[in-house]
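Trainee: One structure is given below, represented as structure tokens, and several questions about it will come after.
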Amino acid sequence: MDKKLKHAIKKSAKAMYKALPILLGVILLISLANTLIPKSIYSSLFSKNIFLDSIIGSALGSILAGNPITSYILGGEFLNQGISLVAVTAFIVAWVTVGIVQLPAEIMLLGKKFAITRNITAFVFSTIVAIITVVIVGLI
Amino acid sequence: MNKTEKKKQNNKNWYFLLAVIIIYVVIAFLKPDILMPSLKFFLEIIKKIILIFILIFILLVIVNRFMTPKKFIKYFGKKSGAKGWLVAIIGGTISTGPLFLWYPLLNDLKNHGVRTGLIATFLYNRAVKPALLPLMIFYFGLAYTIVLAVVMMIASLFQGLIVEKIVGVEK
């Protein structure tokens with residue numbers, strides 16, 4: 001085997017091994033949160049005020065984590081229950097872009113300043129993206 | 001980072017896992033009915049991500065084999081320009097799996113001199129998934145899906161620039 005390839009495999013295996021406890025810890029936390037919080041609680045948090053709901057949507061999406069498909073299904077349910085599209089959009093966007101549960105992992109692997117700045121800006125952007133998207137869709 | 005610091009960091013990672021296991025042990029005593037469903041969900045996630053984990057390992061090997069820090073700085077460093085941002089948007093969009101699975105690779109790229117703004121942009125675009133678009137269209141409609149995808153791509157650029165401004169460009 002090529003010496004450089006051997007070195008690359010060894011280096012990559014080390015990097016994955018280093019990240020392994022963090023990844024396992026985060027998945028365990030996500031699993032626990034998913035079991036502890038019943039889905040019915042989510043919709044009762046919204047207030048029907050568009051601006052407040054978009055922030056609540058972002059906050060909820062930030063705390064929860066998982067496959068984007070789950071966020072679409074939950075978002076669809078919220079819409080059926082009369083929750084505004086802005087709030088649902090903020091929820092869907094924050095679900096994938098902000099990660100409170102995985103924040104310790106992000107801090108450990110990408111640095112404290114980067115992780116905190118990225119998550120705070122992603123939270124703010126989830127609200128902005130939601131408002132812009134819904135305004136444009138309304139104009140079409 | 002010297003050897004002692006690296007070892008300390010490595011220990012911290014294992015302490016984190018230990019802390020989570022302790023939480024599970026406490027839960028097992030306080031709310032034993034929660035334990036099994038949580039562990040079942042954990043195994044389901046592991047089954048789902050194992051292939052992506054292997055894919056990320058292969059990507060890491062390719063990066064470490066063919067990319068030198070000089071090349072990284074040329075393509076994704078301070079002077080990478082529009083091409084760097086475009087690669088971050090496309091890379092973030094086509095990448096699959098949970099956000100946290102990409103941290104080891106991104107950590108490696110960061111150590112090779114990749115701009116922090118590009119990493120933030122990559123992570124933000126993980127919300128736009130071509131494979132999931134049909135499902136999103138089903139729930140929210142075509143116009144909504146297209147507008148959201150475009151707005152998110154533009155927002156990812158602004159977020160990358162803001163993060164880079166605050167955190168600074170890694171040397």
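Labels used: A, B, ... for chains in the order of the structure tokens, numbers from 1 for residues in each chain, and numbers from 1 for ligands as shown.
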Taking only C-alpha atoms into account, produce a table as JSON lines in which each residue of chain B with an atom at most 8 Å from an atom of chain A appears once, together with its shortest atom pair and the distance in Å to one decimal, ordered by chain and rising number.

Mentor:
```
{"residue": "B:Gln9", "atom": "CA", "partner": "A:Met108", "partner_atom": "CA", "distance": 7.9}
{"residue": "B:Asn10", "atom": "CA", "partner": "A:Lys18", "partner_atom": "CA", "distance": 6.2}
{"residue": "B:Asn13", "atom": "CA", "partner": "A:Ile22", "partner_atom": "CA", "distance": 5.8}
{"residue": "B:Trp14", "atom": "CA", "partner": "A:Pro21", "partner_atom": "CA", "distance": 5.5}
{"residue": "B:Phe16", "atom": "CA", "partner": "A:Ile22", "partner_atom": "CA", "distance": 6.7}
{"residue": "B:Leu17", "atom": "CA", "partner": "A:Gly25", "partner_atom": "CA", "distance": 4.8}
{"residue": "B:Val20", "atom": "CA", "partner": "A:Gly25", "partner_atom": "CA", "distance": 5.9}
{"residue": "B:Ile21", "atom": "CA", "partner": "A:Gly25", "partner_atom": "CA", "distance": 7.8}
{"residue": "B:Ile34", "atom": "CA", "partner": "A:Thr35", "partner_atom": "CA", "distance": 6.6}
{"residue": "B:Leu35", "atom": "CA", "partner": "A:Leu32", "partner_atom": "CA", "distance": 8.0}
{"residue": "B:Pro37", "atom": "CA", "partner": "A:Thr35", "partner_atom": "CA", "distance": 6.6}
{"residue": "B:Ser38", "atom": "CA", "partner": "A:Ser31", "partner_atom": "CA", "distance": 5.0}
{"residue": "B:Leu39", "atom": "CA", "partner": "A:Ser31", "partner_atom": "CA", "distance": 7.0}
{"residue": "B:Phe41", "atom": "CA", "partner": "A:Ser31", "partner_atom": "CA", "distance": 5.5}
{"residue": "B:Phe42", "atom": "CA", "partner": "A:Ser31", "partner_atom": "CA", "distance": 5.4}
{"residue": "B:Ile45", "atom": "CA", "partner": "A:Ile27", "partner_atom": "CA", "distance": 7.4}
{"residue": "B:Phe57", "atom": "CA", "partner": "A:Ser12", "partner_atom": "CA", "distance": 6.6}
{"residue": "B:Leu60", "atom": "CA", "partner": "A:Ser12", "partner_atom": "CA", "distance": 5.7}
{"residue": "B:Val61", "atom": "CA", "partner": "A:Ala8", "partner_atom": "CA", "distance": 5.3}
{"residue": "B:Ile62", "atom": "CA", "partner": "A:Ala8", "partner_atom": "CA", "distance": 7.6}
{"residue": "B:Asn64", "atom": "CA", "partner": "A:Ala8", "partner_atom": "CA", "distance": 5.0}
{"residue": "B:Arg65", "atom": "CA", "partner": "A:Ala8", "partner_atom": "CA", "distance": 5.1}
{"residue": "B:Pro98", "atom": "CA", "partner": "A:Asn67", "partner_atom": "CA", "distance": 7.0}
{"residue": "B:Leu99", "atom": "CA", "partner": "A:Val96", "partner_atom": "CA", "distance": 7.5}
{"residue": "B:Phe100", "atom": "CA", "partner": "A:Gln102", "partner_atom": "CA", "distance": 6.6}
{"residue": "B:Leu101", "atom": "CA", "partner": "A:Leu23", "partner_atom": "CA", "distance": 6.9}
{"residue": "B:Tyr103", "atom": "CA", "partner": "A:Leu109", "partner_atom": "CA", "distance": 6.2}
{"residue": "B:Pro104", "atom": "CA", "partner": "A:Ala19", "partner_atom": "CA", "distance": 6.0}
{"residue": "B:Leu106", "atom": "CA", "partner": "A:Leu110", "partner_atom": "CA", "distance": 7.5}
{"residue": "B:Asn107", "atom": "CA", "partner": "A:Leu110", "partner_atom": "CA", "distance": 5.5}
{"residue": "B:Asp108", "atom": "CA", "partner": "A:Ala15", "partner_atom": "CA", "distance": 7.7}
{"residue": "B:Lys110", "atom": "CA", "partner": "A:Leu110", "partner_atom": "CA", "distance": 7.8}
{"residue": "B:Thr116", "atom": "CA", "partner": "A:Phe114", "partner_atom": "CA", "distance": 7.6}
{"residue": "B:Ala120", "atom": "CA", "partner": "A:Arg118", "partner_atom": "CA", "distance": 6.5}
{"residue": "B:Leu123", "atom": "CA", "partner": "A:Thr97", "partner_atom": "CA", "distance": 7.0}
{"residue": "B:Tyr124", "atom": "CA", "partner": "A:Thr97", "partner_atom": "CA", "distance": 5.5}
{"residue": "B:Arg126", "atom": "CA", "partner": "A:Val96", "partner_atom": "CA", "distance": 7.1}
{"residue": "B:Ala127", "atom": "CA", "partner": "A:Val96", "partner_atom": "CA", "distance": 5.4}
{"residue": "B:Leu132", "atom": "CA", "partner": "A:Ile69", "partner_atom": "CA", "distance": 7.4}
{"residue": "B:Leu135", "atom": "CA", "partner": "A:Ile69", "partner_atom": "CA", "distance": 7.7}
{"residue": "B:Met136", "atom": "CA", "partner": "A:Tyr72", "partner_atom": "CA", "distance": 6.5}
{"residue": "B:Tyr139", "atom": "CA", "partner": "A:Gly76", "partner_atom": "CA", "distance": 5.9}
{"residue": "B:Phe140", "atom": "CA", "partner": "A:Gly76", "partner_atom": "CA", "distance": 7.5}
{"residue": "B:Ala143", "atom": "CA", "partner": "A:Val137", "partner_atom": "CA", "distance": 6.6}
{"residue": "B:Tyr144", "atom": "CA", "partner": "A:Val137", "partner_atom": "CA", "distance": 5.9}
{"residue": "B:Val147", "atom": "CA", "partner": "A:Thr133", "partner_atom": "CA", "distance": 6.0}
{"residue": "B:Leu148", "atom": "CA", "partner": "A:Thr133", "partner_atom": "CA", "distance": 5.6}
{"residue": "B:Val151", "atom": "CA", "partner": "A:Val129", "partner_atom": "CA", "distance": 6.4}
{"residue": "B:Met152", "atom": "CA", "partner": "A:Val129", "partner_atom": "CA", "distance": 6.6}
{"residue": "B:Ala155", "atom": "CA", "partner": "A:Phe125", "partner_atom": "CA", "distance": 7.0}
{"residue": "B:Gln159", "atom": "CA", "partner": "A:Thr121", "partner_atom": "CA", "distance": 6.5}
{"residue": "B:Ile162", "atom": "CA", "partner": "A:Thr121", "partner_atom": "CA", "distance": 7.9}
{"residue": "B:Val163", "atom": "CA", "partner": "A:Arg118", "partner_atom": "CA", "distance": 6.1}
{"residue": "B:Ile166", "atom": "CA", "partner": "A:Thr117", "partner_atom": "CA", "distance": 7.5}
{"residue": "B:Val167", "atom": "CA", "partner": "A:Phe114", "partner_atom": "CA", "distance": 5.9}
```

Trainee: Atom CA of A:Gly82 and atom CA of A:Ile56 are how many Å apart?

Mentor: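 Result for atom CA of A:Gly82 versus atom CA of A:Ile56: 14.9 Å, one decimal.
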
Trainee: Calculated over only C-alpha atoms, which of the candidates A:Leu74, A:Ile83, A:Ala90, A:Val135 has the smallest distance to A:Asn49?

Mentor: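 The shortest atom-to-atom distance to A:Asn49 comes from A:Ile83.
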
Trainee: So the first atom is atom CA of B:Ile89 and the second is atom CA of B:Ile154; what is the distance between them in Å, to one decimal place?

Mentor: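 Atom-to-atom, atom CA of B:Ile89 and atom CA of B:Ile154 are spaced 9.3 Å apart.
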
Trainee: As an exercise, work out the distance from atom CA of B:Leu109 to atom CA of B:Lys165 in Å and give it to one decimal place.

Mentor: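 Computed distance, atom CA of B:Leu109 to atom CA of B:Lys165, equals 18.9 Å.
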
Trainee: Among stretch 124-160 of chain B, which ones does DSSP place in alpha helix (DSSP H), written as a list in words?

Mentor: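 Filtering stretch 124-160 of chain B to alpha helix (DSSP H) leaves Tyr124, Leu133, Pro134, Leu135, Met136, Ile137, Phe138, Tyr139, Phe140, Leu142, Ala143, Tyr144, Thr145, Ile146, Val147, Leu148, Ala149, Val150, Val151, Met152, Met153, Ile154, Ala155, Ser156, Leu157, Phe158, Gln159 and Gly160 of chain B.
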